[in-house]
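Pasted below: data.pdb, PDB, C-alpha atoms.
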```
ATOM      1  CA  MET A 152      12.091   3.162 -14.323  1.00  0.00           C
ATOM      2  CA  LEU A 153      10.917  -0.424 -14.157  1.00  0.00           C
ATOM      3  CA  GLU A 154      11.086  -2.327 -17.423  1.00  0.00           C
ATOM      4  CA  ASP A 155       8.995  -5.391 -18.297  1.00  0.00           C
ATOM      5  CA  ALA A 156       7.025  -5.359 -15.064  1.00  0.00           C
ATOM      6  CA  ARG A 157       3.856  -6.464 -16.840  1.00  0.00           C
ATOM      7  CA  ILE A 158       3.605  -9.951 -18.251  1.00  0.00           C
ATOM      8  CA  GLY A 159       3.928 -10.338 -21.990  1.00  0.00           C
ATOM      9  CA  GLU A 160       3.781  -6.653 -22.964  1.00  0.00           C
ATOM     10  CA  ARG A 161       7.195  -6.337 -24.565  1.00  0.00           C
ATOM     11  CA  SER A 162       7.365  -6.543 -28.352  1.00  0.00           C
ATOM     12  CA  GLY A 163      10.442  -7.579 -30.297  1.00  0.00           C
ATOM     13  CA  PRO A 164      12.668 -10.653 -30.480  1.00  0.00           C
ATOM     14  CA  MET A 165      13.055 -11.107 -26.712  1.00  0.00           C
ATOM     15  CA  GLN A 166      10.078 -11.083 -24.363  1.00  0.00           C
ATOM     16  CA  PHE A 167      10.754 -11.217 -20.654  1.00  0.00           C
ATOM     17  CA  ARG A 168       7.859 -12.632 -18.633  1.00  0.00           C
ATOM     18  CA  LEU A 169       7.758 -12.185 -14.896  1.00  0.00           C
ATOM     19  CA  GLU A 170       6.481 -15.594 -13.852  1.00  0.00           C
ATOM     20  CA  GLY A 171       7.413 -17.567 -10.750  1.00  0.00           C
ATOM     21  CA  ARG A 172       9.584 -16.007  -8.061  1.00  0.00           C
ATOM     22  CA  VAL A 173      10.479 -12.433  -8.985  1.00  0.00           C
ATOM     23  CA  ILE A 174      13.532 -10.331  -8.271  1.00  0.00           C
ATOM     24  CA  PHE A 175      14.787  -7.122  -9.841  1.00  0.00           C
ATOM     25  CA  PHE A 176      18.157  -6.295 -11.359  1.00  0.00           C
ATOM     26  CA  ALA A 177      19.165  -2.689 -10.665  1.00  0.00           C
ATOM     27  CA  THR A 178      21.131  -1.775 -13.788  1.00  0.00           C
ATOM     28  CA  ASN A 179      21.121   0.600 -16.732  1.00  0.00           C
ATOM     29  CA  ASN A 180      22.938  -1.910 -18.925  1.00  0.00           C
ATOM     30  CA  ILE A 181      20.507  -3.889 -21.091  1.00  0.00           C
ATOM     31  CA  HIS A 182      23.280  -6.313 -22.107  1.00  0.00           C
ATOM     32  CA  LYS A 183      23.934  -7.285 -18.492  1.00  0.00           C
ATOM     33  CA  PHE A 184      20.195  -7.689 -17.977  1.00  0.00           C
ATOM     34  CA  GLN A 185      19.829  -9.986 -20.986  1.00  0.00           C
ATOM     35  CA  GLU A 186      22.676 -12.187 -19.751  1.00  0.00           C
ATOM     36  CA  ALA A 187      21.136 -12.350 -16.274  1.00  0.00           C
ATOM     37  CA  HIS A 188      17.670 -13.153 -17.624  1.00  0.00           C
ATOM     38  CA  LEU A 189      18.937 -16.171 -19.574  1.00  0.00           C
ATOM     39  CA  ILE A 190      20.804 -17.514 -16.542  1.00  0.00           C
ATOM     40  CA  LEU A 191      18.091 -16.975 -13.943  1.00  0.00           C
ATOM     41  CA  GLU A 192      15.177 -18.312 -15.976  1.00  0.00           C
ATOM     42  CA  LYS A 193      16.876 -21.726 -15.963  1.00  0.00           C
ATOM     43  CA  TYR A 194      16.408 -21.720 -12.193  1.00  0.00           C
ATOM     44  CA  GLY A 195      12.779 -20.583 -12.334  1.00  0.00           C
ATOM     45  CA  ILE A 196      13.661 -17.057 -11.215  1.00  0.00           C
ATOM     46  CA  ALA A 197      11.961 -14.188 -13.033  1.00  0.00           C
ATOM     47  CA  VAL A 198      13.897 -10.925 -13.204  1.00  0.00           C
ATOM     48  CA  GLY A 199      12.787  -7.410 -14.038  1.00  0.00           C
ATOM     49  CA  MET A 200      15.104  -4.578 -15.038  1.00  0.00           C
ATOM     50  CA  LEU A 201      15.064  -1.653 -12.642  1.00  0.00           C
ATOM     51  CA  ARG A 202      16.652   1.567 -13.829  1.00  0.00           C
ATOM     52  CA  ILE A 203      17.658   3.361 -10.663  1.00  0.00           C
ATOM     53  CA  ARG A 204      20.627   5.496  -9.684  1.00  0.00           C
ATOM     54  CA  ALA A 205      22.519   3.687  -6.959  1.00  0.00           C
ATOM     55  CA  LEU A 206      25.506   4.926  -5.026  1.00  0.00           C
ATOM     56  CA  GLU A 207      28.861   3.596  -6.253  1.00  0.00           C
ATOM     57  CA  ILE A 208      31.600   4.026  -3.678  1.00  0.00           C
ATOM     58  CA  GLN A 209      35.308   4.113  -4.494  1.00  0.00           C
ATOM     59  CA  SER A 210      36.881   0.934  -3.186  1.00  0.00           C
ATOM     60  CA  GLU A 211      39.510  -1.641  -4.081  1.00  0.00           C
ATOM     61  CA  SER A 212      36.901  -4.351  -3.327  1.00  0.00           C
ATOM     62  CA  LEU A 213      34.234  -5.290  -5.872  1.00  0.00           C
ATOM     63  CA  ALA A 214      32.236  -6.879  -3.037  1.00  0.00           C
ATOM     64  CA  GLU A 215      32.189  -3.631  -1.055  1.00  0.00           C
ATOM     65  CA  ILE A 216      31.106  -1.674  -4.126  1.00  0.00           C
ATOM     66  CA  ALA A 217      28.292  -4.123  -4.960  1.00  0.00           C
ATOM     67  CA  ALA A 218      27.090  -4.334  -1.347  1.00  0.00           C
ATOM     68  CA  SER A 219      26.982  -0.550  -1.032  1.00  0.00           C
ATOM     69  CA  SER A 220      25.125  -0.173  -4.328  1.00  0.00           C
ATOM     70  CA  VAL A 221      22.483  -2.788  -3.545  1.00  0.00           C
ATOM     71  CA  SER A 222      21.897  -1.290  -0.090  1.00  0.00           C
ATOM     72  CA  ASP A 223      21.389   2.183  -1.546  1.00  0.00           C
ATOM     73  CA  ALA A 224      19.093   0.900  -4.308  1.00  0.00           C
ATOM     74  CA  TYR A 225      17.048  -1.117  -1.821  1.00  0.00           C
ATOM     75  CA  ARG A 226      16.479   1.938   0.380  1.00  0.00           C
ATOM     76  CA  LYS A 227      14.992   3.683  -2.646  1.00  0.00           C
ATOM     77  CA  CYS A 228      12.566   0.985  -3.810  1.00  0.00           C
ATOM     78  CA  HIS A 229      12.176  -1.749  -1.116  1.00  0.00           C
ATOM     79  CA  LEU A 230      12.113  -4.533  -3.719  1.00  0.00           C
ATOM     80  CA  PRO A 231      14.159  -7.774  -3.743  1.00  0.00           C
ATOM     81  CA  LEU A 232      17.210  -6.639  -5.670  1.00  0.00           C
ATOM     82  CA  ILE A 233      20.454  -7.745  -7.202  1.00  0.00           C
ATOM     83  CA  VAL A 234      23.234  -5.510  -8.442  1.00  0.00           C
ATOM     84  CA  GLU A 235      26.406  -6.616 -10.185  1.00  0.00           C
ATOM     85  CA  ASP A 236      29.848  -5.081 -10.268  1.00  0.00           C
ATOM     86  CA  ALA A 237      32.644  -6.401 -12.434  1.00  0.00           C
ATOM     87  CA  GLY A 238      36.282  -5.680 -13.092  1.00  0.00           C
ATOM     88  CA  LEU A 239      38.994  -6.575 -15.593  1.00  0.00           C
ATOM     89  CA  PHE A 240      42.312  -7.321 -13.888  1.00  0.00           C
ATOM     90  CA  VAL A 241      45.284  -7.224 -16.288  1.00  0.00           C
ATOM     91  CA  ASP A 242      48.557  -8.791 -15.098  1.00  0.00           C
ATOM     92  CA  GLU A 243      50.817  -6.544 -17.181  1.00  0.00           C
ATOM     93  CA  LEU A 244      49.113  -3.482 -15.670  1.00  0.00           C
ATOM     94  CA  LYS A 245      49.386  -4.822 -12.094  1.00  0.00           C
ATOM     95  CA  GLY A 246      45.662  -5.522 -11.874  1.00  0.00           C
ATOM     96  CA  PHE A 247      44.499  -2.281 -13.503  1.00  0.00           C
ATOM     97  CA  PRO A 248      41.750  -1.335 -14.227  1.00  0.00           C
ATOM     98  CA  GLY A 249      40.182  -3.691 -11.647  1.00  0.00           C
ATOM     99  CA  PRO A 250      37.410  -1.963  -9.654  1.00  0.00           C
ATOM    100  CA  TYR A 251      37.783   1.097 -11.922  1.00  0.00           C
ATOM    101  CA  THR A 252      36.919  -0.816 -15.086  1.00  0.00           C
ATOM    102  CA  ALA A 253      33.791   1.163 -16.016  1.00  0.00           C
ATOM    103  CA  TYR A 254      35.629   4.477 -15.645  1.00  0.00           C
ATOM    104  CA  ALA A 255      38.667   3.146 -17.514  1.00  0.00           C
ATOM    105  CA  PHE A 256      36.492   2.042 -20.420  1.00  0.00           C
ATOM    106  CA  LYS A 257      34.822   5.453 -20.634  1.00  0.00           C
ATOM    107  CA  THR A 258      38.146   7.281 -20.619  1.00  0.00           C
ATOM    108  CA  LEU A 259      40.453   4.872 -22.450  1.00  0.00           C
ATOM    109  CA  SER A 260      38.196   2.552 -24.488  1.00  0.00           C
ATOM    110  CA  ASN A 261      39.537  -0.741 -25.815  1.00  0.00           C
ATOM    111  CA  LYS A 262      42.131   0.934 -28.026  1.00  0.00           C
ATOM    112  CA  GLY A 263      43.514   2.938 -25.136  1.00  0.00           C
ATOM    113  CA  LEU A 264      43.930  -0.130 -22.943  1.00  0.00           C
ATOM    114  CA  LEU A 265      45.660  -1.963 -25.795  1.00  0.00           C
ATOM    115  CA  ARG A 266      48.101   0.945 -26.152  1.00  0.00           C
ATOM    116  CA  LEU A 267      48.878   0.717 -22.435  1.00  0.00           C
ATOM    117  CA  MET A 268      49.529  -3.001 -22.831  1.00  0.00           C
ATOM    118  CA  GLY A 269      52.039  -2.599 -25.643  1.00  0.00           C
ATOM    119  CA  GLU A 270      52.863  -5.486 -27.967  1.00  0.00           C
ATOM    120  CA  ASN A 271      55.223  -7.785 -26.087  1.00  0.00           C
ATOM    121  CA  GLY A 272      54.071  -7.841 -22.454  1.00  0.00           C
ATOM    122  CA  ASN A 273      52.242 -10.429 -20.389  1.00  0.00           C
ATOM    123  CA  ARG A 274      48.711 -10.644 -21.805  1.00  0.00           C
ATOM    124  CA  ALA A 275      47.163 -12.689 -18.978  1.00  0.00           C
ATOM    125  CA  ALA A 276      44.034 -11.197 -17.405  1.00  0.00           C
ATOM    126  CA  LYS A 277      40.989 -12.066 -15.339  1.00  0.00           C
ATOM    127  CA  PHE A 278      37.409 -10.849 -15.330  1.00  0.00           C
ATOM    128  CA  ARG A 279      35.779 -10.889 -11.891  1.00  0.00           C
ATOM    129  CA  SER A 280      32.138 -10.326 -10.988  1.00  0.00           C
ATOM    130  CA  VAL A 281      30.240  -9.834  -7.741  1.00  0.00           C
ATOM    131  CA  VAL A 282      26.448 -10.155  -7.564  1.00  0.00           C
ATOM    132  CA  ALA A 283      24.931  -8.668  -4.396  1.00  0.00           C
ATOM    133  CA  PHE A 284      21.364  -9.409  -3.239  1.00  0.00           C
ATOM    134  CA  LEU A 285      19.187  -7.683  -0.653  1.00  0.00           C
ATOM    135  CA  SER A 286      15.559  -8.082   0.395  1.00  0.00           C
ATOM    136  CA  VAL A 287      13.337  -7.416   3.377  1.00  0.00           C
ATOM    137  CA  LYS A 288      14.352 -10.636   5.156  1.00  0.00           C
ATOM    138  CA  LEU A 289      18.074  -9.867   5.136  1.00  0.00           C
ATOM    139  CA  GLU A 290      19.851  -7.571   7.552  1.00  0.00           C
ATOM    140  CA  SER A 291      22.795  -7.119   5.183  1.00  0.00           C
ATOM    141  CA  PRO A 292      23.528  -7.997   1.548  1.00  0.00           C
ATOM    142  CA  MET A 293      24.522 -11.463   0.409  1.00  0.00           C
ATOM    143  CA  TYR A 294      27.102 -11.527  -2.355  1.00  0.00           C
ATOM    144  CA  PHE A 295      28.337 -14.116  -4.836  1.00  0.00           C
ATOM    145  CA  GLU A 296      31.573 -14.057  -6.818  1.00  0.00           C
ATOM    146  CA  GLY A 297      32.569 -15.351 -10.227  1.00  0.00           C
ATOM    147  CA  GLU A 298      35.880 -15.286 -12.077  1.00  0.00           C
ATOM    148  CA  VAL A 299      37.220 -16.293 -15.480  1.00  0.00           C
ATOM    149  CA  SER A 300      40.860 -16.349 -16.586  1.00  0.00           C
ATOM    150  CA  GLY A 301      41.967 -15.448 -20.073  1.00  0.00           C
ATOM    151  CA  GLU A 302      44.090 -13.056 -22.055  1.00  0.00           C
ATOM    152  CA  ILE A 303      44.006  -9.674 -23.752  1.00  0.00           C
ATOM    153  CA  VAL A 304      44.097 -10.108 -27.517  1.00  0.00           C
ATOM    154  CA  GLU A 305      46.179  -7.799 -29.713  1.00  0.00           C
ATOM    155  CA  GLU A 306      43.295  -6.004 -31.405  1.00  0.00           C
ATOM    156  CA  GLU A 307      39.551  -5.542 -30.979  1.00  0.00           C
ATOM    157  CA  ARG A 308      37.518  -8.507 -32.244  1.00  0.00           C
ATOM    158  CA  THR A 309      33.749  -8.339 -32.431  1.00  0.00           C
ATOM    159  CA  GLY A 310      32.782 -10.613 -35.325  1.00  0.00           C
ATOM    160  CA  HIS A 311      29.055 -11.268 -35.324  1.00  0.00           C
ATOM    161  CA  GLY A 312      28.749 -11.781 -31.589  1.00  0.00           C
ATOM    162  CA  MET A 313      25.781 -10.350 -29.709  1.00  0.00           C
ATOM    163  CA  SER A 314      27.396  -9.915 -26.294  1.00  0.00           C
ATOM    164  CA  GLY A 315      30.053  -7.328 -26.940  1.00  0.00           C
ATOM    165  CA  PHE A 316      30.165  -4.384 -24.575  1.00  0.00           C
ATOM    166  CA  GLY A 317      32.860  -2.787 -22.474  1.00  0.00           C
ATOM    167  CA  PHE A 318      36.172  -4.629 -22.752  1.00  0.00           C
ATOM    168  CA  ASP A 319      34.545  -7.767 -24.211  1.00  0.00           C
ATOM    169  CA  PRO A 320      36.121  -7.220 -27.684  1.00  0.00           C
ATOM    170  CA  ILE A 321      39.666  -7.578 -26.292  1.00  0.00           C
ATOM    171  CA  PHE A 322      39.192 -10.391 -23.736  1.00  0.00           C
ATOM    172  CA  LYS A 323      39.431 -14.058 -24.734  1.00  0.00           C
ATOM    173  CA  PRO A 324      38.742 -16.682 -22.037  1.00  0.00           C
ATOM    174  CA  SER A 325      41.301 -19.444 -21.603  1.00  0.00           C
ATOM    175  CA  GLY A 326      40.882 -22.392 -23.959  1.00  0.00           C
ATOM    176  CA  GLU A 327      38.580 -20.492 -26.353  1.00  0.00           C
ATOM    177  CA  HIS A 328      39.171 -19.026 -29.800  1.00  0.00           C
ATOM    178  CA  LYS A 329      36.607 -16.236 -29.537  1.00  0.00           C
ATOM    179  CA  THR A 330      36.582 -13.044 -27.522  1.00  0.00           C
ATOM    180  CA  PHE A 331      33.496 -12.409 -25.406  1.00  0.00           C
ATOM    181  CA  ALA A 332      32.302  -9.962 -28.073  1.00  0.00           C
ATOM    182  CA  GLU A 333      32.507 -12.636 -30.780  1.00  0.00           C
ATOM    183  CA  MET A 334      30.239 -14.948 -28.782  1.00  0.00           C
ATOM    184  CA  SER A 335      26.472 -15.033 -28.666  1.00  0.00           C
ATOM    185  CA  THR A 336      24.889 -14.322 -25.278  1.00  0.00           C
ATOM    186  CA  VAL A 337      24.326 -18.055 -24.786  1.00  0.00           C
ATOM    187  CA  GLU A 338      27.983 -18.834 -25.589  1.00  0.00           C
ATOM    188  CA  LYS A 339      29.254 -16.076 -23.335  1.00  0.00           C
ATOM    189  CA  ASN A 340      27.130 -17.375 -20.462  1.00  0.00           C
ATOM    190  CA  GLU A 341      28.979 -20.693 -20.695  1.00  0.00           C
ATOM    191  CA  HIS A 342      32.242 -18.991 -19.736  1.00  0.00           C
ATOM    192  CA  SER A 343      31.720 -15.587 -18.199  1.00  0.00           C
ATOM    193  CA  HIS A 344      32.489 -14.302 -14.731  1.00  0.00           C
ATOM    194  CA  ARG A 345      29.008 -12.755 -14.525  1.00  0.00           C
ATOM    195  CA  ALA A 346      27.291 -16.033 -15.366  1.00  0.00           C
ATOM    196  CA  ARG A 347      29.305 -17.866 -12.714  1.00  0.00           C
ATOM    197  CA  ALA A 348      28.366 -15.331 -10.038  1.00  0.00           C
ATOM    198  CA  LEU A 349      24.710 -15.406 -11.101  1.00  0.00           C
ATOM    199  CA  MET A 350      24.588 -19.203 -11.004  1.00  0.00           C
ATOM    200  CA  LYS A 351      25.975 -19.195  -7.459  1.00  0.00           C
ATOM    201  CA  PHE A 352      23.276 -16.700  -6.495  1.00  0.00           C
ATOM    202  CA  ALA A 353      20.534 -18.714  -8.217  1.00  0.00           C
ATOM    203  CA  GLN A 354      21.567 -21.937  -6.498  1.00  0.00           C
ATOM    204  CA  TRP A 355      21.459 -20.174  -3.131  1.00  0.00           C
ATOM    205  CA  TYR A 356      18.174 -18.404  -3.913  1.00  0.00           C
ATOM    206  CA  LYS A 357      16.378 -21.682  -4.658  1.00  0.00           C
ATOM    207  CA  ASN A 358      16.355 -22.327  -0.911  1.00  0.00           C
ATOM    208  CA  TYR A 359      15.755 -18.724   0.148  1.00  0.00           C
ATOM    209  CA  PRO A 360      12.364 -18.285   1.896  1.00  0.00           C
ATOM    210  CA  GLY A 361      11.435 -15.331  -0.319  1.00  0.00           C
TER     211      GLY A 361
END
```

Output the structure of this file as C-alpha cells.
Amino acid sequence: MLEDARIGERSGPMQFRLEGRVIFFATNNIHKFQEAHLILEKYGIAVGMLRIRALEIQSESLAEIAASSVSDAYRKCHLPLIVEDAGLFVDELKGFPGPYTAYAFKTLSNKGLLRLMGENGNRAAKFRSVVAFLSVKLESPMYFEGEVSGEIVEEERTGHGMSGFGFDPIFKPSGEHKTFAEMSTVEKNEHSHRARALMKFAQWYKNYPG
C-alpha cells in the first residue's frame, strides 16, 4: 500500500507533499516515516510511505539485515527505496537486544527490559541505525549508519513527547534530560541514531544521478 502518493490529498495536521526528487520508505511504522519526512524535506527530497512486506533475515549485522530487506522490497516494486533497521545495544546485557530489538520489544516490552537490567548495573547503551537505499542505477544497496550513546533510565518516561515508540521511553541520549519519548519529533531528530543515518544518506543522495 502506497501512502501519500498524490500531492496534497492527505487531511489532518501533517500533509506530506511529493515534490522534487522522490524516493519511498518501505516501512509499516508511521513514526519512523514522520521522522524521515522531516529530515529529508530539508534536503529537498520527497518521501512516500510504502507499506510492503520485506524479508528480514536473522543476522548479527544491522547492515546485512537492512541490505537484504531493501533488496527484497525493490524486487517487489522497482521503485527507489530506503529501508531502515535499528537496534538498542545495552552494555549491562552484553549488547542485547541489538539486531533483535524489534522482537525483544514485542516479547519483553520496556518493563521487561528494565527487569533484566536490575537496579544497580551499568546503564550505558547505544542506539544504532542503518538506512539502506536501492534503485535501478545501483547494482547493490548503499547503506548509511548512525549511532547515539546514552543510558537506560530506571523507569519508563513518556511525558508529552510525540516520538515515543519501541524502547524510546527508557533511553536518554547523553547530555540530555529527556528520553526520546519525552521529546517532540523535531527534538528527537536533533539527537537520534535514525536522523544521523538519514542525514548521511541525504547528503550522499544530493549528488546521486537519480

*For the structure provided, state which residues fall under the PyMOL selection byres ((chain A and resi 308) around 9), and present them as a list in words.*
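That expression, the PyMOL selection byres ((chain A and resi 308) around 9), corresponds here to Val304, Glu306, Glu307, Thr309, Gly310, Asp319, Pro320, Ile321, Phe322, Lys329, Thr330, Phe331, Ala332 and Glu333 of chain A.
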
*May I have the residues within 6 Å of region 268-276 of chain A as JSON, numbers by chain, using all atoms listed in the file and disregarding those fewer than 5 positions away in the same chain?*
{"A": [240, 241, 242, 243, 301, 302, 303]}

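The set of residues that the PyMOL selection byres ((chain A and resi 300) around 7) takes from this file is Ala276, Lys277, Phe278, Glu298, Val299, Gly301, Pro324 and Ser325 of chain A.
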
With C-alpha atoms retained, could you export that selection as an mmCIF file, in the coordinates of the input?
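out_3.cif, written as the output of this step:
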```cif
data_model
loop_
_atom_site.group_PDB
_atom_site.id
_atom_site.type_symbol
_atom_site.label_atom_id
_atom_site.label_comp_id
_atom_site.auth_asym_id
_atom_site.auth_seq_id
_atom_site.Cartn_x
_atom_site.Cartn_y
_atom_site.Cartn_z
ATOM 1 C CA ALA A 276 44.034 -11.197 -17.405
ATOM 2 C CA LYS A 277 40.989 -12.066 -15.339
ATOM 3 C CA PHE A 278 37.409 -10.849 -15.330
ATOM 4 C CA GLU A 298 35.880 -15.286 -12.077
ATOM 5 C CA VAL A 299 37.220 -16.293 -15.480
ATOM 6 C CA GLY A 301 41.967 -15.448 -20.073
ATOM 7 C CA PRO A 324 38.742 -16.682 -22.037
ATOM 8 C CA SER A 325 41.301 -19.444 -21.603
#
```

*Using only C-alpha atoms, which of A:Tyr254, A:Phe284, A:Phe176, A:Tyr194 sits nearest Ser219 (chain A)?*
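Checking each candidate against Ser219 (chain A), we get A:Phe284 as the closest.
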
*One decimal, Å: what's the distance from CA of Leu213 (chain A) over to CA of Tyr294 (chain A), could you say?*
10.1 Å

_Selection dump of the PyMOL selection byres ((chain A and resi 178) around 10), as a list in words_ = Phe175, Phe176, Ala177, Asn179, Asn180, Ile181, His182, Lys183, Phe184, Met200, Leu201, Arg202, Ile203, Arg204, Ala205, Ile233, Val234, Glu235 and Asp236 of chain A

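Separating CA of Ser280 (chain A) from CA of Glu296 (chain A) is a distance of 5.6 Å.
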
*Pick the closest to Thr258 (chain A) from A:Pro360, A:Gly246, A:Pro292, A:Gly317: which is it, counting all atoms listed in the file?*
A:Gly317

*Can you work out which one of A:Leu244, A:Leu230, A:Val337, A:Ala217 has the shortest atom-to-atom distance to Leu289 (chain A), counting all atoms listed in the file?*
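Answer, going by the shortest atom-to-atom distance: A:Leu230.
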
*Distance of CA of Ala237 (chain A) from CA of Pro250 (chain A), expressed in Å to one decimal place*: 7.1 Å

_Protein and nucleic acid residues near (12.1, -23.1, -2.8) (cut-off 12 Å, all atoms listed in the file) as an MDAnalysis selection string_ = chainID A and resid 171:172 194:196 353:361

*Counting all atoms listed in the file, which of A:Phe316, A:Leu191, A:Glu305, A:Met293 gets nearest to Phe256 (chain A)?*
A:Phe316

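When all atoms listed in the file are used to compute distances to Asn261 (chain A), the closest of the residues A:Ile216, A:Phe318, A:Lys227, A:Val173 turns out to be A:Phe318.
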
Give me region 286-305 of chain A from this structure - C-alpha atoms, as an mmCIF file, in the first residue's frame.
```cif
data_model
loop_
_atom_site.group_PDB
_atom_site.id
_atom_site.type_symbol
_atom_site.label_atom_id
_atom_site.label_comp_id
_atom_site.auth_asym_id
_atom_site.auth_seq_id
_atom_site.Cartn_x
_atom_site.Cartn_y
_atom_site.Cartn_z
ATOM 1 C CA SER A 286 17.326 1.974 -7.142
ATOM 2 C CA VAL A 287 17.602 0.956 -10.770
ATOM 3 C CA LYS A 288 21.050 2.537 -11.200
ATOM 4 C CA LEU A 289 22.667 0.578 -8.373
ATOM 5 C CA GLU A 290 23.898 -2.986 -8.599
ATOM 6 C CA SER A 291 23.788 -3.417 -4.819
ATOM 7 C CA PRO A 292 22.398 -1.418 -1.887
ATOM 8 C CA MET A 293 24.140 1.600 -0.420
ATOM 9 C CA TYR A 294 23.867 1.895 3.341
ATOM 10 C CA PHE A 295 24.417 4.659 5.878
ATOM 11 C CA GLU A 296 24.928 4.289 9.621
ATOM 12 C CA GLY A 297 24.054 6.447 12.599
ATOM 13 C CA GLU A 298 24.685 5.991 16.312
ATOM 14 C CA VAL A 299 23.846 7.783 19.548
ATOM 15 C CA SER A 300 25.192 6.999 23.019
ATOM 16 C CA GLY A 301 23.121 7.316 26.151
ATOM 17 C CA GLU A 302 21.733 5.396 29.074
ATOM 18 C CA ILE A 303 18.763 3.314 30.153
ATOM 19 C CA VAL A 304 16.692 5.225 32.690
ATOM 20 C CA GLU A 305 15.193 3.479 35.722
#
```
